[in-house]
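Peer 1: What follows is protein_28.pdb, PDB, C-alpha atoms, pLDDT in the B column.
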ATOM      1  CA  MET A   1       1.089 -30.961  38.294  1.00 35.00           C
ATOM      2  CA  VAL A   2       3.947 -29.245  40.027  1.00 40.00           C
ATOM      3  CA  THR A   3       2.446 -25.897  40.859  1.00 41.00           C
ATOM      4  CA  GLY A   4       5.369 -24.122  42.411  1.00 51.00           C
ATOM      5  CA  ALA A   5       8.725 -22.792  41.411  1.00 51.00           C
ATOM      6  CA  THR A   6      10.148 -26.072  40.163  1.00 50.00           C
ATOM      7  CA  ASN A   7       7.666 -26.013  37.319  1.00 51.00           C
ATOM      8  CA  LYS A   8       9.623 -23.011  36.054  1.00 56.00           C
ATOM      9  CA  THR A   9      12.605 -25.135  35.151  1.00 56.00           C
ATOM     10  CA  PRO A  10      13.516 -24.090  31.603  1.00 60.00           C
ATOM     11  CA  HIS A  11      10.931 -25.972  29.641  1.00 54.00           C
ATOM     12  CA  ASN A  12      10.978 -28.585  27.014  1.00 49.00           C
ATOM     13  CA  CYS A  13      12.138 -26.243  24.259  1.00 46.00           C
ATOM     14  CA  CYS A  14      15.556 -26.670  25.875  1.00 54.00           C
ATOM     15  CA  LYS A  15      15.433 -30.355  24.976  1.00 56.00           C
ATOM     16  CA  LYS A  16      15.309 -29.446  21.316  1.00 58.00           C
ATOM     17  CA  TYR A  17      18.277 -27.081  21.246  1.00 63.00           C
ATOM     18  CA  PRO A  18      21.042 -29.654  21.501  1.00 74.00           C
ATOM     19  CA  THR A  19      19.555 -31.437  18.480  1.00 84.00           C
ATOM     20  CA  CYS A  20      20.647 -28.573  16.210  1.00 88.00           C
ATOM     21  CA  PHE A  21      24.161 -28.855  17.528  1.00 91.00           C
ATOM     22  CA  VAL A  22      24.528 -32.598  17.040  1.00 89.00           C
ATOM     23  CA  LEU A  23      22.821 -32.936  13.650  1.00 90.00           C
ATOM     24  CA  PRO A  24      25.069 -33.373  10.614  1.00 93.00           C
ATOM     25  CA  LYS A  25      25.577 -29.869   9.262  1.00 96.00           C
ATOM     26  CA  PHE A  26      24.226 -30.690   5.797  1.00 96.00           C
ATOM     27  CA  ILE A  27      20.896 -31.745   7.339  1.00 96.00           C
ATOM     28  CA  LEU A  28      20.638 -28.524   9.305  1.00 95.00           C
ATOM     29  CA  ARG A  29      21.457 -26.586   6.117  1.00 96.00           C
ATOM     30  CA  TRP A  30      18.824 -28.533   4.158  1.00 96.00           C
ATOM     31  CA  TYR A  31      16.211 -28.103   6.897  1.00 94.00           C
ATOM     32  CA  ALA A  32      16.732 -24.440   7.809  1.00 95.00           C
ATOM     33  CA  GLY A  33      18.631 -22.865   4.927  1.00 96.00           C
ATOM     34  CA  LYS A  34      21.324 -20.205   5.019  1.00 97.00           C
ATOM     35  CA  PRO A  35      21.456 -16.999   7.062  1.00 97.00           C
ATOM     36  CA  ASN A  36      20.796 -13.767   5.180  1.00 96.00           C
ATOM     37  CA  ARG A  37      22.283 -11.470   7.822  1.00 97.00           C
ATOM     38  CA  PRO A  38      25.103 -11.444  10.388  1.00 96.00           C
ATOM     39  CA  SER A  39      24.491 -12.748  13.909  1.00 96.00           C
ATOM     40  CA  ARG A  40      23.059 -10.294  16.389  1.00 96.00           C
ATOM     41  CA  SER A  41      24.989  -9.451  19.548  1.00 95.00           C
ATOM     42  CA  TYR A  42      23.812 -10.906  22.850  1.00 95.00           C
ATOM     43  CA  ASP A  43      22.111  -7.635  23.796  1.00 95.00           C
ATOM     44  CA  GLU A  44      20.454  -7.242  20.409  1.00 96.00           C
ATOM     45  CA  LEU A  45      19.104 -10.782  20.591  1.00 96.00           C
ATOM     46  CA  VAL A  46      17.784 -10.296  24.133  1.00 96.00           C
ATOM     47  CA  ASN A  47      16.139  -7.000  23.189  1.00 96.00           C
ATOM     48  CA  LYS A  48      14.408  -8.624  20.230  1.00 96.00           C
ATOM     49  CA  TYR A  49      13.157 -11.452  22.454  1.00 95.00           C
ATOM     50  CA  LYS A  50      11.844  -8.977  25.053  1.00 95.00           C
ATOM     51  CA  LEU A  51      10.072  -7.047  22.308  1.00 96.00           C
ATOM     52  CA  LYS A  52       8.410 -10.247  21.081  1.00 94.00           C
ATOM     53  CA  LEU A  53       7.235 -11.000  24.621  1.00 92.00           C
ATOM     54  CA  GLU A  54       5.891  -7.462  25.017  1.00 93.00           C
ATOM     55  CA  GLN A  55       3.973  -7.967  21.791  1.00 93.00           C
ATOM     56  CA  GLY A  56       2.266 -10.964  23.363  1.00 90.00           C
ATOM     57  CA  GLY A  57       4.494 -13.722  22.034  1.00 84.00           C
ATOM     58  CA  LYS A  58       4.073 -17.023  23.847  1.00 82.00           C
ATOM     59  CA  ALA A  59       5.244 -20.594  23.487  1.00 77.00           C
ATOM     60  CA  SER A  60       3.064 -22.610  21.148  1.00 76.00           C
ATOM     61  CA  GLY A  61       2.670 -26.169  19.894  1.00 77.00           C
ATOM     62  CA  PRO A  62       5.503 -28.458  20.950  1.00 75.00           C
ATOM     63  CA  TYR A  63       7.153 -25.604  22.881  1.00 75.00           C
ATOM     64  CA  ILE A  64       4.367 -25.329  25.444  1.00 76.00           C
ATOM     65  CA  PRO A  65       5.681 -26.713  28.749  1.00 74.00           C
ATOM     66  CA  LYS A  66       4.174 -30.073  29.593  1.00 75.00           C
ATOM     67  CA  GLN A  67       2.528 -30.647  32.931  1.00 77.00           C
ATOM     68  CA  ILE A  68       4.912 -32.187  35.427  1.00 75.00           C
ATOM     69  CA  LEU A  69       3.607 -34.459  38.155  1.00 77.00           C
ATOM     70  CA  PRO A  70       4.830 -33.744  41.703  1.00 76.00           C
ATOM     71  CA  GLU A  71       6.185 -37.284  42.017  1.00 79.00           C
ATOM     72  CA  TYR A  72       8.593 -36.577  39.175  1.00 81.00           C
ATOM     73  CA  GLY A  73      10.627 -34.659  41.734  1.00 84.00           C
ATOM     74  CA  LYS A  74      12.631 -31.479  41.699  1.00 86.00           C
ATOM     75  CA  GLU A  75      16.014 -33.202  41.767  1.00 88.00           C
ATOM     76  CA  LYS A  76      15.218 -35.298  38.724  1.00 89.00           C
ATOM     77  CA  LEU A  77      13.988 -32.232  36.877  1.00 87.00           C
ATOM     78  CA  LEU A  78      17.097 -30.243  37.757  1.00 90.00           C
ATOM     79  CA  ASN A  79      19.368 -33.123  36.826  1.00 92.00           C
ATOM     80  CA  GLN A  80      17.642 -33.464  33.467  1.00 90.00           C
ATOM     81  CA  PHE A  81      18.108 -29.767  32.853  1.00 91.00           C
ATOM     82  CA  SER A  82      21.754 -30.028  33.858  1.00 93.00           C
ATOM     83  CA  ILE A  83      22.410 -32.932  31.477  1.00 93.00           C
ATOM     84  CA  ILE A  84      20.833 -31.063  28.550  1.00 92.00           C
ATOM     85  CA  MET A  85      22.771 -27.866  29.217  1.00 93.00           C
ATOM     86  CA  ASN A  86      26.050 -29.736  29.595  1.00 93.00           C
ATOM     87  CA  LYS A  87      25.344 -31.646  26.409  1.00 92.00           C
ATOM     88  CA  LEU A  88      24.738 -28.360  24.633  1.00 94.00           C
ATOM     89  CA  ALA A  89      27.916 -26.716  25.967  1.00 94.00           C
ATOM     90  CA  THR A  90      29.979 -29.775  25.016  1.00 94.00           C
ATOM     91  CA  SER A  91      28.455 -30.026  21.536  1.00 93.00           C
ATOM     92  CA  VAL A  92      29.103 -26.349  20.838  1.00 94.00           C
ATOM     93  CA  LYS A  93      32.765 -26.660  21.721  1.00 93.00           C
ATOM     94  CA  LYS A  94      33.301 -30.056  20.123  1.00 92.00           C
ATOM     95  CA  ASN A  95      31.339 -29.863  16.866  1.00 93.00           C
ATOM     96  CA  TRP A  96      31.353 -26.209  15.865  1.00 96.00           C
ATOM     97  CA  SER A  97      33.707 -23.333  15.108  1.00 96.00           C
ATOM     98  CA  ASP A  98      33.140 -19.664  15.784  1.00 95.00           C
ATOM     99  CA  GLU A  99      32.575 -19.029  12.075  1.00 96.00           C
ATOM    100  CA  GLN A 100      30.122 -21.911  11.696  1.00 97.00           C
ATOM    101  CA  LEU A 101      27.930 -20.558  14.495  1.00 97.00           C
ATOM    102  CA  ASP A 102      27.253 -17.589  12.193  1.00 97.00           C
ATOM    103  CA  GLN A 103      26.838 -19.705   9.049  1.00 97.00           C
ATOM    104  CA  TYR A 104      24.024 -22.022  10.175  1.00 97.00           C
ATOM    105  CA  ILE A 105      20.501 -21.202  11.299  1.00 96.00           C
ATOM    106  CA  ALA A 106      17.698 -22.954  13.142  1.00 94.00           C
ATOM    107  CA  PRO A 107      14.016 -22.098  13.628  1.00 92.00           C
ATOM    108  CA  HIS A 108      12.935 -20.508  16.880  1.00 92.00           C
ATOM    109  CA  PRO A 109       9.206 -20.350  17.778  1.00 90.00           C
ATOM    110  CA  LEU A 110       9.245 -16.622  18.588  1.00 92.00           C
ATOM    111  CA  LEU A 111      12.327 -15.236  16.901  1.00 94.00           C
ATOM    112  CA  GLY A 112      12.060 -16.984  13.554  1.00 93.00           C
ATOM    113  CA  LYS A 113      15.234 -18.367  12.028  1.00 95.00           C
ATOM    114  CA  ILE A 114      18.228 -17.410  14.098  1.00 96.00           C
ATOM    115  CA  THR A 115      21.895 -18.310  13.830  1.00 97.00           C
ATOM    116  CA  LEU A 116      23.303 -20.969  16.105  1.00 96.00           C
ATOM    117  CA  ARG A 117      25.315 -18.256  17.875  1.00 96.00           C
ATOM    118  CA  GLU A 118      22.030 -16.470  18.607  1.00 96.00           C
ATOM    119  CA  LEU A 119      20.490 -19.746  19.745  1.00 95.00           C
ATOM    120  CA  CYS A 120      23.292 -20.082  22.292  1.00 96.00           C
ATOM    121  CA  TYR A 121      22.755 -16.485  23.439  1.00 96.00           C
ATOM    122  CA  PHE A 122      19.047 -17.140  23.725  1.00 95.00           C
ATOM    123  CA  THR A 123      19.581 -20.287  25.797  1.00 95.00           C
ATOM    124  CA  ILE A 124      21.856 -18.422  28.203  1.00 95.00           C
ATOM    125  CA  HIS A 125      19.374 -15.570  28.565  1.00 95.00           C
ATOM    126  CA  HIS A 126      16.382 -17.901  28.807  1.00 93.00           C
ATOM    127  CA  THR A 127      17.912 -19.778  31.718  1.00 94.00           C
ATOM    128  CA  TYR A 128      18.346 -16.550  33.700  1.00 94.00           C
ATOM    129  CA  HIS A 129      14.868 -15.475  32.588  1.00 91.00           C
ATOM    130  CA  HIS A 130      13.398 -18.563  34.292  1.00 89.00           C
ATOM    131  CA  LEU A 131      15.517 -17.970  37.370  1.00 91.00           C
ATOM    132  CA  SER A 132      14.153 -14.420  37.608  1.00 90.00           C
ATOM    133  CA  SER A 133      10.600 -15.765  37.219  1.00 87.00           C
ATOM    134  CA  ILE A 134      11.135 -18.085  40.177  1.00 85.00           C
ATOM    135  CA  GLU A 135      12.588 -15.269  42.285  1.00 86.00           C
ATOM    136  CA  ALA A 136       9.543 -13.125  41.461  1.00 88.00           C
ATOM    137  CA  MET A 137       7.189 -15.984  42.402  1.00 84.00           C
ATOM    138  CA  ILE A 138       8.926 -16.429  45.754  1.00 82.00           C
ATOM    139  CA  LYS A 139       8.829 -12.700  46.432  1.00 83.00           C
ATOM    140  CA  ASP A 140       5.126 -12.508  45.552  1.00 84.00           C
ATOM    141  CA  SER A 141       4.224 -15.472  47.760  1.00 80.00           C
ATOM    142  CA  ALA A 142       6.181 -14.253  50.799  1.00 76.00           C
ATOM    143  CA  PRO A 143       4.020 -13.046  53.716  1.00 75.00           C
ATOM    144  CA  ALA A 144       3.819  -9.240  53.884  1.00 66.00           C
TER     145      ALA A 144
ATOM    146  CA  MET B   1      24.304  -7.075  29.339  1.00 62.00           C
ATOM    147  CA  LYS B   2      26.863  -9.680  28.408  1.00 74.00           C
ATOM    148  CA  ASP B   3      30.003  -9.389  26.372  1.00 78.00           C
ATOM    149  CA  ILE B   4      30.418 -12.866  24.905  1.00 87.00           C
ATOM    150  CA  ARG B   5      33.203 -12.787  22.350  1.00 84.00           C
ATOM    151  CA  ASN B   6      33.846 -16.313  21.137  1.00 93.00           C
ATOM    152  CA  ILE B   7      32.764 -19.928  21.196  1.00 95.00           C
ATOM    153  CA  HIS B   8      34.751 -20.712  24.332  1.00 94.00           C
ATOM    154  CA  GLU B   9      33.011 -17.933  26.204  1.00 95.00           C
ATOM    155  CA  ILE B  10      29.647 -19.153  24.894  1.00 96.00           C
ATOM    156  CA  ALA B  11      30.346 -22.626  26.282  1.00 95.00           C
ATOM    157  CA  GLU B  12      31.481 -21.108  29.591  1.00 95.00           C
ATOM    158  CA  GLN B  13      28.357 -18.976  29.839  1.00 95.00           C
ATOM    159  CA  LEU B  14      26.111 -21.956  29.080  1.00 95.00           C
ATOM    160  CA  LYS B  15      27.820 -23.886  31.858  1.00 95.00           C
ATOM    161  CA  GLU B  16      27.612 -20.945  34.231  1.00 95.00           C
ATOM    162  CA  ALA B  17      23.893 -20.505  33.550  1.00 95.00           C
ATOM    163  CA  GLU B  18      23.346 -24.219  34.167  1.00 95.00           C
ATOM    164  CA  THR B  19      25.282 -24.171  37.453  1.00 95.00           C
ATOM    165  CA  THR B  20      23.602 -20.983  38.678  1.00 94.00           C
ATOM    166  CA  PHE B  21      20.137 -22.338  37.927  1.00 93.00           C
ATOM    167  CA  LYS B  22      20.821 -25.745  39.426  1.00 91.00           C
ATOM    168  CA  ASN B  23      22.301 -24.284  42.613  1.00 92.00           C
ATOM    169  CA  PHE B  24      19.359 -21.920  42.969  1.00 90.00           C
ATOM    170  CA  GLY B  25      16.857 -24.671  42.220  1.00 88.00           C
ATOM    171  CA  SER B  26      18.378 -27.041  44.746  1.00 86.00           C
ATOM    172  CA  LEU B  27      17.549 -24.560  47.514  1.00 85.00           C
ATOM    173  CA  LEU B  28      13.873 -24.494  46.586  1.00 83.00           C
ATOM    174  CA  PRO B  29      11.188 -26.705  48.120  1.00 79.00           C
ATOM    175  CA  ASN B  30       9.897 -29.556  45.999  1.00 73.00           C
ATOM    176  CA  GLN B  31       6.483 -27.974  45.460  1.00 63.00           C
TER     177      GLN B  31
END
Represent the structure contained in this file as structure tokens.

Peer 2:
Amino acid sequence: MVTGATNKTPHNCCKKYPTCFVLPKFILRWYAGKPNRPSRSYDELVNKYKLKLEQGGKASGPYIPKQILPEYGKEKLLNQFSIIMNKLATSVKKNWSDEQLDQYIAPHPLLGKITLRELCYFTIHHTYHHLSSIEAMIKDSAPA
Amino acid sequence: MKDIRNIHEIAEQLKEAETTFKNFGSLLPNQ
């Protein structure tokens, strides 16, 4: 298992996000339903996520990061992450409108059903969240 | 705190997060 900072690459939940953005919209509607509230702002979404973490929320089931063998390699891991994020950014721009991001929802393991706009906000925040985790790990492991 | 106003800015921020993380990660050791 990769024991260091590279294991903090945003985990396999990221692999699932683009799926919502490439599915036919009627399937997403059938699977997740309709929103019953407006989208939260970026800050509101982040605050709700932080609150869930403070309450002990953790990844579960298929969202638990899988062990990564050292031979997998950091570059491969980073490239995989890069491909997924680029796929997501492209799908958002290509397949969705601003209005539609507020009209469709998807399940999130901690936040419940959130709009696709919120899912984008979460993905942005979550990436920086992992980066901060790595920075903290490096700081903690540095000789005093 | 981020002020993301529309879908174009969302896509830009996703790309920026990806680039920032990848650049940071590339400086790290493999283990």

Peer 1: So which residues get picked by the ChimeraX specification (/A :<7) & /B here, written as a ChimeraX atom specification?

Peer 2: /B:1-2,6-8,10-11,13-15,17-18,21-22,30-31

Peer 1: Using all atoms listed in the file for the distances, tell me which of A:Ala32, A:Phe122, A:Ile64, A:Pro143 is nearest to Lys48 of chain A.

Peer 2: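 Of A:Ala32, A:Phe122, A:Ile64, A:Pro143, the one nearest Lys48 of chain A, counting all atoms listed in the file, is A:Phe122.
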
Peer 1: Go through the shown structure with the PyMOL selection byres ((chain A and resi 21-24) around 9) and write out the matching residues as a list of chain:residue names.

Peer 2: A:Tyr17, A:Pro18, A:Thr19, A:Cys20, A:Lys25, A:Phe26, A:Ile27, A:Leu28, A:Arg29, A:Leu88, A:Ser91, A:Val92, A:Asn95, A:Trp96, A:Leu116

Peer 1: Here is a test: counting all atoms listed in the file, which residue of A:Arg37, A:Pro107, A:Asp102, A:Leu53 is nearest to His129 of chain A?

Peer 2: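 Comparing A:Arg37, A:Pro107, A:Asp102, A:Leu53 against His129 of chain A, the winner is A:Leu53.
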
Peer 1: Figure out the distance between atom CA of Tyr104 of chain A and atom CA of Tyr31 of chain A, please, to one decimal in Å.

Peer 2: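 Atom-to-atom, atom CA of Tyr31 of chain A and atom CA of Tyr104 of chain A are spaced 10.4 Å apart.
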
Peer 1: Between atom CA of His108 of chain A and atom CA of Ser60 of chain A, what is the distance in Å, rounded to a tenth?

Peer 2: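 Interatomic distance here is 11.0 Å.
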
Peer 1: Atom CA of Gln103 of chain A and atom CA of Pro38 of chain A are how many Å apart?

Peer 2: 8.5 Å

Peer 1: So which residues get picked by the PyMOL selection byres ((chain A and resi 36) around 10) here, written as a ChimeraX atom specification?

Peer 2: /A:33-35,37-39,103,105,113-115

Peer 1: Could you give me the axis-aligned bounding box of segment 3-15 of chain B, with 4 Å of padding per side, as centre plus edge lengths in Å to one decimal, as lines of an AutoDock Vina configuration file?

Peer 2:
center_x = 30.4
center_y = -16.6
center_z = 26.5
size_x = 16.6
size_y = 22.5
size_z = 18.7
